[in-house]
Amino acid sequence: MSTSLSRTWDRWQRWSGVATAARPVRLLTAALAVCAAAVAVAGLLLDGGGRLADFGLLVGLVVLAHLFGMRMRVGSTYIDVDWGEAALIVGFTLVPGGWLPAATGLAVLVAKPVLALFTGNRTTAFEVLRASASLTLSAGLAVLVVSVSGVQTRPMTPSSVAVVVLAAVLYLLCSALLLALHLGVRDGQSMVGVVWQALRGTPVMIVGNVALGLLAVGLWRSSWLWVLPPLLWLVHQLYVHRLREDEERRTWGAFAAASRSLHKLDEVAVAQEGLRAAQSLFPVRAVELTVLASHTRYHGATRGGVFELAGAERADIPPAESDRLPVVTRLLEVAGGPVGLLTLRLSRQSAWGLNDQHRLAAFGDALAAALHDAATHSALRELRERNTYDSHHDPLTRLLNRDALLERGDAVLRGLDARAPVALLLLDMDHFKEVNDTLGHLAGDELLQTAATRLVADADESELVARLGGDEFALLITDLPAMSWDRDAAEPDLLGAAKTVAERRARALAAALASPTEVAGVTLSSEVSVGVVVAAAGEFDPTELLRRADIALYQAKESGARVTAYDPARDRTSTDRLALVAELRTALAADDQLHLVLQPAVDLHTGKPTGVEALIRWHHPRRGLLTPVHFVRAVEASDLLGRFTRHVLDQALGFAAQWGALGMELPVAVNLSPRSLLDPRLPADVAELLKKHRLPASRLVLEITETVVLSPLPVTDQVLQELRKLGVRFAVDDFGTGFSSLTFLTRIAVDELKIDRTFVARMGESKQAAAIVRAVVDLGRQLGIRVVAEGVETGTQRAALSRLGCDAAQGFHFSRPLPGDQIIEALRTLASAARPARKLRAEPGGLASG
């Protein structure tokens, strides 16, 4: 029995709305109901002389006024727009004024449930009580105004008409204020905003209601009363059309705002904006969005008039049945492929129409495109991260590889005190080839993995551990114990103390790696040789440290010692480099040693040349022909970099001026050292050379590597900005090989991305390389940046790049680097063999690197 009573009580609470109403709302409604009851009873007792039949007629008129009303959206709530003012004016001529509050309240108690029954709009007894109380109090205010004025409303006179009209307007304002008070307590909406929205859309209706009420009073006892119903119908249609126009204007404005809000590249952000937008566009109680790519369902629901995001869950969890409201679903598709499912739970049975279907179709397409873009961006980012990890780690041991050690080591050294000692240890496993030959390569791999595990276990978080290839490992130590050196000590003592600590660490590592281990059922002891180099952090880059450590390792193996430190006296290559710098000074003063070779880049769709890259060569009188790989580091480490850069730019712009005189206005590209961007005089030098050769700045393309972004110095940004102001164009050379590619694009505005030749060479056999090429092409297209492939050597590579949408390419397939006296003929040959473009293309910018 108690269980049955409990269930009955729960059902009554849900129907009445008491269970879901917040405490402040319950208190406000109760207060309004008590006041309304007092006003109604007082009016009936204090104002007599009326007939019950007239009272019943008035109740019927007010019921009809509400039944034939309309709905208008205010904020996140729908409110009823009815004929209450007209019924109020008629009521002043039918019954004593004091009866009007009771008649109004009773009529609302009857009309609201009947209206909900016929329209399917959900309403609770709690909401009916609030509406009845609010309108009863509003009618009481109107009666009070008429009573205070002292005019007679039966029959109507000109003075009483004015007072009754004022009372009707106050009735409307009071009902709007009480509604605003309710929404403010329930939803936190601005009271002023609610009143303004409610009145802004209804001025014509207010005037019409008052006019119809006065007309009804005038025709009440005449033979022209039959004119009133068709007139009421016409005015009603006008009201419906006006409200529909306002709703359409608001909805399409909200649709434009919603479409803009969907421009996100994160699935969660797109889903949340999509839920909010759906709630603002459609009459819904709840919204669900299922994203197929992530198998996630997102929820949003209106609770207490406020739309709340309810979070996300795995889509394989069945949704709970919230109610019996009608449901509309929309499959979200892009190019025929499904990306998600949008489910709308409508707020009432009659809330869906043809216009809603059209809006849902347009909104569904916009939401599907946004979800597809977010998924594509996420997949591209994951691919980039995976490829970046793979390109920087050894696949067997998962340690850093040689390239990653050089890049990250360079960044670490730049962040240290220039005098702080650092050490690089290069380890090589002795007799490793014998393990492979005797036990097999799988056993050799297992031994390498064991060595890597022991190195990582011994290393600190601040140290870099790498496998350089084969059986070679490296350890970069940047945090030597403070007790081993003194910042105020002389340099030899400082590095000498650090060298002692580094050698001690190398012996400890050698002992740890030589600890016996079982491989393929055989217990082995893997002995290692270690080369050690110690230097100040600002003295050498990782490449030079590695070269010196390799010399020390060779000396260790040659002497039979386990650990050997680098000895400059035994490094012949170091003295050779010093001599190379001195010889370069002579070459810069001569006219016959440093010269340029030129390689054209072509449009992949037409074959037309789009630019030329200038490559420096050194005809050394003793060493023969040298490419930049043999001397560029020596130049960068010397004080000759500024003179060298100006020499190359002068020659390159001279060639470009020659082509321009022959009608071939092609840009010329020059590789720029990252250290050149530390020279604040570079922009002035470039401007002077452009003026000397009478060339516009757009004819010069400066190729910069991604390592530029690693420089924290403000002078780099200053130089780049000044060059950009000149009109010089920038190309990113070897894009994709660094770990800061995307960061580079956010720091520097570039005109061209150049795909590194290693990816182009491997794209036919490596899915990873092909994916990187495709990703770079797509990235360039989305950012509006020209993409050029380097090192194209076959027709197959050219065709593949063309299919991917790559703009241009250069390589031996088109032309080898040529001397200045041969490049003009090569450019003419390429131009004459070019075919017309099949589609309209943008003016080519930049060029590719050889």
# chains A, B, ... in the order shown; residues from 1 in each chain; ligands from 1
>>> select_by_dssp(residues="segment 635-673 of chain A", states="strand (DSSP E)", output="PyMOL selection string")
chain A and resi 668-671
>>> residues_around(residues="Ala36 of chain A", least_positions_apart="6", cutoff="12 Å", atoms="only C-alpha atoms", output="JSON, numbers by chain")
{"A": [29, 30, 42, 43, 100, 101, 102, 103, 104, 105, 106, 129, 130, 131, 132, 133, 134, 135, 136, 137, 138, 139, 140, 141]}
>>> closest_residue(among="A:Arg699, A:His182, A:Leu396, A:Leu580", to="Leu442 of chain A", atoms="only C-alpha atoms")
A:Leu396
>>> atom_distance(atom1="atom CA of His299 of chain A", atom2="atom CA of Gln357 of chain A")
21.1 Å
>>> atom_distance(atom1="atom CA of Gly364 of chain A", atom2="atom CA of Glu333 of chain A")
8.2 Å
>>> residues_around(residues="Val327 of chain A", least_positions_apart="4", cutoff="9 Å", atoms="only C-alpha atoms", output="ChimeraX atom specification")
/A:343-346
>>> write_last_selection(atoms="all heavy atoms", output="CSV table (one decimal), in the first residue's frame")
chain,number,residue,atom,x,y,z
A,343,THR,N,20.8,14.1,-33.2
A,343,THR,CA,19.4,13.7,-32.8
A,343,THR,C,18.8,14.9,-32.0
A,343,THR,O,19.5,15.4,-31.0
A,343,THR,CB,19.5,12.5,-31.8
A,343,THR,OG1,20.1,11.4,-32.6
A,343,THR,CG2,18.1,12.1,-31.4
A,344,LEU,N,17.7,15.3,-32.4
A,344,LEU,CA,17.0,16.4,-31.7
A,344,LEU,C,15.7,15.9,-31.0
A,344,LEU,O,14.9,15.2,-31.6
A,344,LEU,CB,16.5,17.5,-32.7
A,344,LEU,CG,17.6,18.0,-33.7
A,344,LEU,CD1,17.0,19.0,-34.6
A,344,LEU,CD2,18.7,18.7,-32.9
A,345,ARG,N,15.6,16.1,-29.7
A,345,ARG,CA,14.4,15.8,-28.9
A,345,ARG,C,13.6,17.1,-28.8
A,345,ARG,O,14.0,18.0,-28.1
A,345,ARG,CB,14.8,15.2,-27.6
A,345,ARG,CG,15.6,13.9,-27.7
A,345,ARG,CD,15.8,13.2,-26.3
A,345,ARG,NE,16.6,12.0,-26.5
A,345,ARG,CZ,16.1,10.8,-26.8
A,345,ARG,NH1,14.8,10.7,-26.9
A,345,ARG,NH2,16.8,9.8,-26.9
A,346,LEU,N,12.5,17.1,-29.5
A,346,LEU,CA,11.7,18.3,-29.6
A,346,LEU,C,11.0,18.7,-28.3
A,346,LEU,O,10.7,17.8,-27.5
A,346,LEU,CB,10.6,18.2,-30.7
A,346,LEU,CG,11.2,17.8,-32.1
A,346,LEU,CD1,10.0,17.8,-33.1
A,346,LEU,CD2,12.3,18.8,-32.5
>>> residues_around(residues="Ser159 of chain A", least_positions_apart="6", cutoff="12 Å", atoms="only C-alpha atoms", output="list in words")
Val146, Ser149, Gly150, Val151, Gln152, Thr153, Val165 and Leu166 of chain A
>>> select_by_dssp(residues="segment 457-628 of chain A", states="alpha helix (DSSP H)", output="PyMOL selection string")
chain A and resi 457-458+491-513+542-559+572-589+628
>>> write_last_selection(atoms="C-alpha atoms", output="PDB file, in the first residue's frame")
ATOM      1  CA  ALA A 457      68.973   3.574 -16.608  1.00  0.00           C
ATOM      2  CA  ASP A 458      72.303   5.269 -15.885  1.00  0.00           C
ATOM      3  CA  GLU A 491      89.158  28.226 -18.539  1.00  0.00           C
ATOM      4  CA  PRO A 492      91.874  25.471 -18.488  1.00  0.00           C
ATOM      5  CA  ASP A 493      91.120  24.608 -14.858  1.00  0.00           C
ATOM      6  CA  LEU A 494      87.377  24.680 -15.500  1.00  0.00           C
ATOM      7  CA  LEU A 495      87.503  22.284 -18.440  1.00  0.00           C
ATOM      8  CA  GLY A 496      90.216  20.175 -16.840  1.00  0.00           C
ATOM      9  CA  ALA A 497      88.008  19.472 -13.816  1.00  0.00           C
ATOM     10  CA  ALA A 498      85.050  18.696 -16.101  1.00  0.00           C
ATOM     11  CA  LYS A 499      87.234  16.356 -18.182  1.00  0.00           C
ATOM     12  CA  THR A 500      88.165  14.378 -15.078  1.00  0.00           C
ATOM     13  CA  VAL A 501      84.492  13.935 -14.126  1.00  0.00           C
ATOM     14  CA  ALA A 502      83.522  12.971 -17.709  1.00  0.00           C
ATOM     15  CA  GLU A 503      86.283  10.330 -17.942  1.00  0.00           C
ATOM     16  CA  ARG A 504      85.199   8.888 -14.602  1.00  0.00           C
ATOM     17  CA  ARG A 505      81.619   8.715 -15.866  1.00  0.00           C
ATOM     18  CA  ALA A 506      82.785   7.016 -19.086  1.00  0.00           C
ATOM     19  CA  ARG A 507      84.594   4.273 -17.131  1.00  0.00           C
ATOM     20  CA  ALA A 508      81.521   3.680 -14.975  1.00  0.00           C
ATOM     21  CA  LEU A 509      79.377   3.309 -18.099  1.00  0.00           C
ATOM     22  CA  ALA A 510      81.873   0.926 -19.678  1.00  0.00           C
ATOM     23  CA  ALA A 511      81.781  -1.210 -16.549  1.00  0.00           C
ATOM     24  CA  ALA A 512      77.960  -1.208 -16.485  1.00  0.00           C
ATOM     25  CA  LEU A 513      77.706  -2.273 -20.121  1.00  0.00           C
ATOM     26  CA  PRO A 542      77.053  19.062 -31.552  1.00  0.00           C
ATOM     27  CA  THR A 543      78.413  18.173 -34.990  1.00  0.00           C
ATOM     28  CA  GLU A 544      81.901  19.310 -34.037  1.00  0.00           C
ATOM     29  CA  LEU A 545      81.647  17.614 -30.623  1.00  0.00           C
ATOM     30  CA  LEU A 546      80.647  14.380 -32.326  1.00  0.00           C
ATOM     31  CA  ARG A 547      83.525  14.645 -34.790  1.00  0.00           C
ATOM     32  CA  ARG A 548      86.008  15.113 -31.972  1.00  0.00           C
ATOM     33  CA  ALA A 549      84.475  12.296 -29.936  1.00  0.00           C
ATOM     34  CA  ASP A 550      84.785  10.032 -32.963  1.00  0.00           C
ATOM     35  CA  ILE A 551      88.518  10.867 -33.224  1.00  0.00           C
ATOM     36  CA  ALA A 552      88.910  10.111 -29.505  1.00  0.00           C
ATOM     37  CA  LEU A 553      87.078   6.788 -29.970  1.00  0.00           C
ATOM     38  CA  TYR A 554      89.367   5.842 -32.847  1.00  0.00           C
ATOM     39  CA  GLN A 555      92.364   6.624 -30.646  1.00  0.00           C
ATOM     40  CA  ALA A 556      90.904   4.458 -27.861  1.00  0.00           C
ATOM     41  CA  LYS A 557      90.498   1.472 -30.164  1.00  0.00           C
ATOM     42  CA  GLU A 558      93.924   2.015 -31.712  1.00  0.00           C
ATOM     43  CA  SER A 559      95.674   2.187 -28.336  1.00  0.00           C
ATOM     44  CA  ARG A 572      94.698  16.778 -38.317  1.00  0.00           C
ATOM     45  CA  THR A 573      91.237  17.718 -39.595  1.00  0.00           C
ATOM     46  CA  SER A 574      90.955  20.560 -37.100  1.00  0.00           C
ATOM     47  CA  THR A 575      94.097  22.273 -38.469  1.00  0.00           C
ATOM     48  CA  ASP A 576      92.836  21.660 -41.996  1.00  0.00           C
ATOM     49  CA  ARG A 577      89.690  23.585 -41.201  1.00  0.00           C
ATOM     50  CA  LEU A 578      91.680  26.497 -39.841  1.00  0.00           C
ATOM     51  CA  ALA A 579      93.674  26.538 -43.069  1.00  0.00           C
ATOM     52  CA  LEU A 580      90.442  26.387 -45.059  1.00  0.00           C
ATOM     53  CA  VAL A 581      89.226  29.634 -43.478  1.00  0.00           C
ATOM     54  CA  ALA A 582      92.472  31.393 -44.379  1.00  0.00           C
ATOM     55  CA  GLU A 583      92.225  30.115 -47.959  1.00  0.00           C
ATOM     56  CA  LEU A 584      88.645  31.359 -48.190  1.00  0.00           C
ATOM     57  CA  ARG A 585      89.804  34.911 -47.532  1.00  0.00           C
ATOM     58  CA  THR A 586      91.995  34.611 -50.628  1.00  0.00           C
ATOM     59  CA  ALA A 587      89.129  33.108 -52.633  1.00  0.00           C
ATOM     60  CA  LEU A 588      86.823  36.043 -51.790  1.00  0.00           C
ATOM     61  CA  ALA A 589      89.465  38.449 -53.064  1.00  0.00           C
ATOM     62  CA  PRO A 628      79.132  23.815 -49.600  1.00  0.00           C
TER      63      PRO A 628
END
>>> residues_around(residues="Ala536 of chain A", least_positions_apart="2", cutoff="10 Å", atoms="only C-alpha atoms", output="CSV table (one decimal) with C-alpha atoms, in the first residue's frame")
chain,number,residue,atom,x,y,z
A,413,LEU,CA,73.7,24.0,-25.9
A,416,LEU,CA,73.2,26.9,-21.4
A,417,ASP,CA,75.7,29.4,-20.0
A,418,ALA,CA,78.3,29.7,-22.8
A,419,ARG,CA,81.1,28.9,-20.2
A,420,ALA,CA,79.4,25.8,-18.7
A,421,PRO,CA,81.3,22.6,-19.5
A,422,VAL,CA,79.6,19.9,-21.4
A,423,ALA,CA,80.8,16.4,-22.4
A,478,THR,CA,75.1,19.0,-19.9
A,491,GLU,CA,89.2,28.2,-18.5
A,494,LEU,CA,87.4,24.7,-15.5
A,495,LEU,CA,87.5,22.3,-18.4
A,498,ALA,CA,85.1,18.7,-16.1
A,534,VAL,CA,84.8,18.1,-23.1
A,538,GLY,CA,79.2,28.0,-26.4
A,539,GLU,CA,82.4,26.8,-28.1
A,540,PHE,CA,81.3,24.1,-30.5
>>> closest_residue(among="A:Ala369, A:Leu662, A:Ala278, A:Ala800", to="Asp356 of chain A", atoms="only C-alpha atoms")
A:Ala278
>>> closest_residue(among="A:Ala684, A:Leu625, A:Ala731, A:Ala107", to="Ala669 of chain A", atoms="only C-alpha atoms")
A:Ala731
>>> closest_residue(among="A:Ser515, A:Thr705, A:Ser815, A:Gln718", to="Phe730 of chain A", atoms="only C-alpha atoms")
A:Thr705
>>> closest_residue(among="A:Leu28, A:Val776, A:Leu682, A:Ala366", to="Cys806 of chain A", atoms="only C-alpha atoms")
A:Val776
>>> residues_around(residues="Val668 of chain A", least_positions_apart="5", cutoff="9 Å", atoms="only C-alpha atoms", output="compact mmCIF listing (two decimals) with C-alpha atoms, in the first residue's frame")
# COMPACT_ATOMS: atom_id res chain seq x y z
CA GLY A 611 62.57 30.28 -60.96
CA VAL A 612 66.22 29.39 -60.52
CA GLU A 613 68.22 28.38 -57.47
CA ALA A 614 71.80 29.61 -57.09
CA ALA A 652 72.91 35.66 -58.03
CA LEU A 653 71.19 39.03 -58.53
CA PHE A 655 72.35 36.64 -63.22
CA ALA A 656 68.71 37.52 -62.49
CA ARG A 699 62.75 38.65 -57.66
CA LEU A 700 64.84 37.49 -54.68
CA VAL A 701 63.89 34.40 -52.65
CA LEU A 702 65.82 33.65 -49.47
CA GLY A 846 59.45 31.18 -55.14
CA LEU A 847 61.26 28.14 -56.41
>>> closest_residue(among="A:Ile824, A:Ala293, A:Leu262, A:Leu332", to="Ala661 of chain A", atoms="only C-alpha atoms")
A:Ile824
>>> atom_distance(atom1="atom CA of Val39 of chain A", atom2="atom CA of Cys174 of chain A")
14.7 Å
>>> residues_around(residues="Asp471 of chain A", least_positions_apart="5", cutoff="12 Å", atoms="only C-alpha atoms", output="list of chain:residue names")
A:Leu396, A:Thr397, A:Leu426, A:Leu427, A:Asp428, A:Met429, A:Asp430, A:His431, A:Phe432, A:Lys433, A:Val435, A:Asn436, A:Gly444, A:Asp445, A:Glu446, A:Leu447, A:Leu448, A:Gln449, A:Thr450, A:Ala451, A:Ala452, A:Ala466, A:Ser526, A:Glu527, A:Val528, A:Ser529
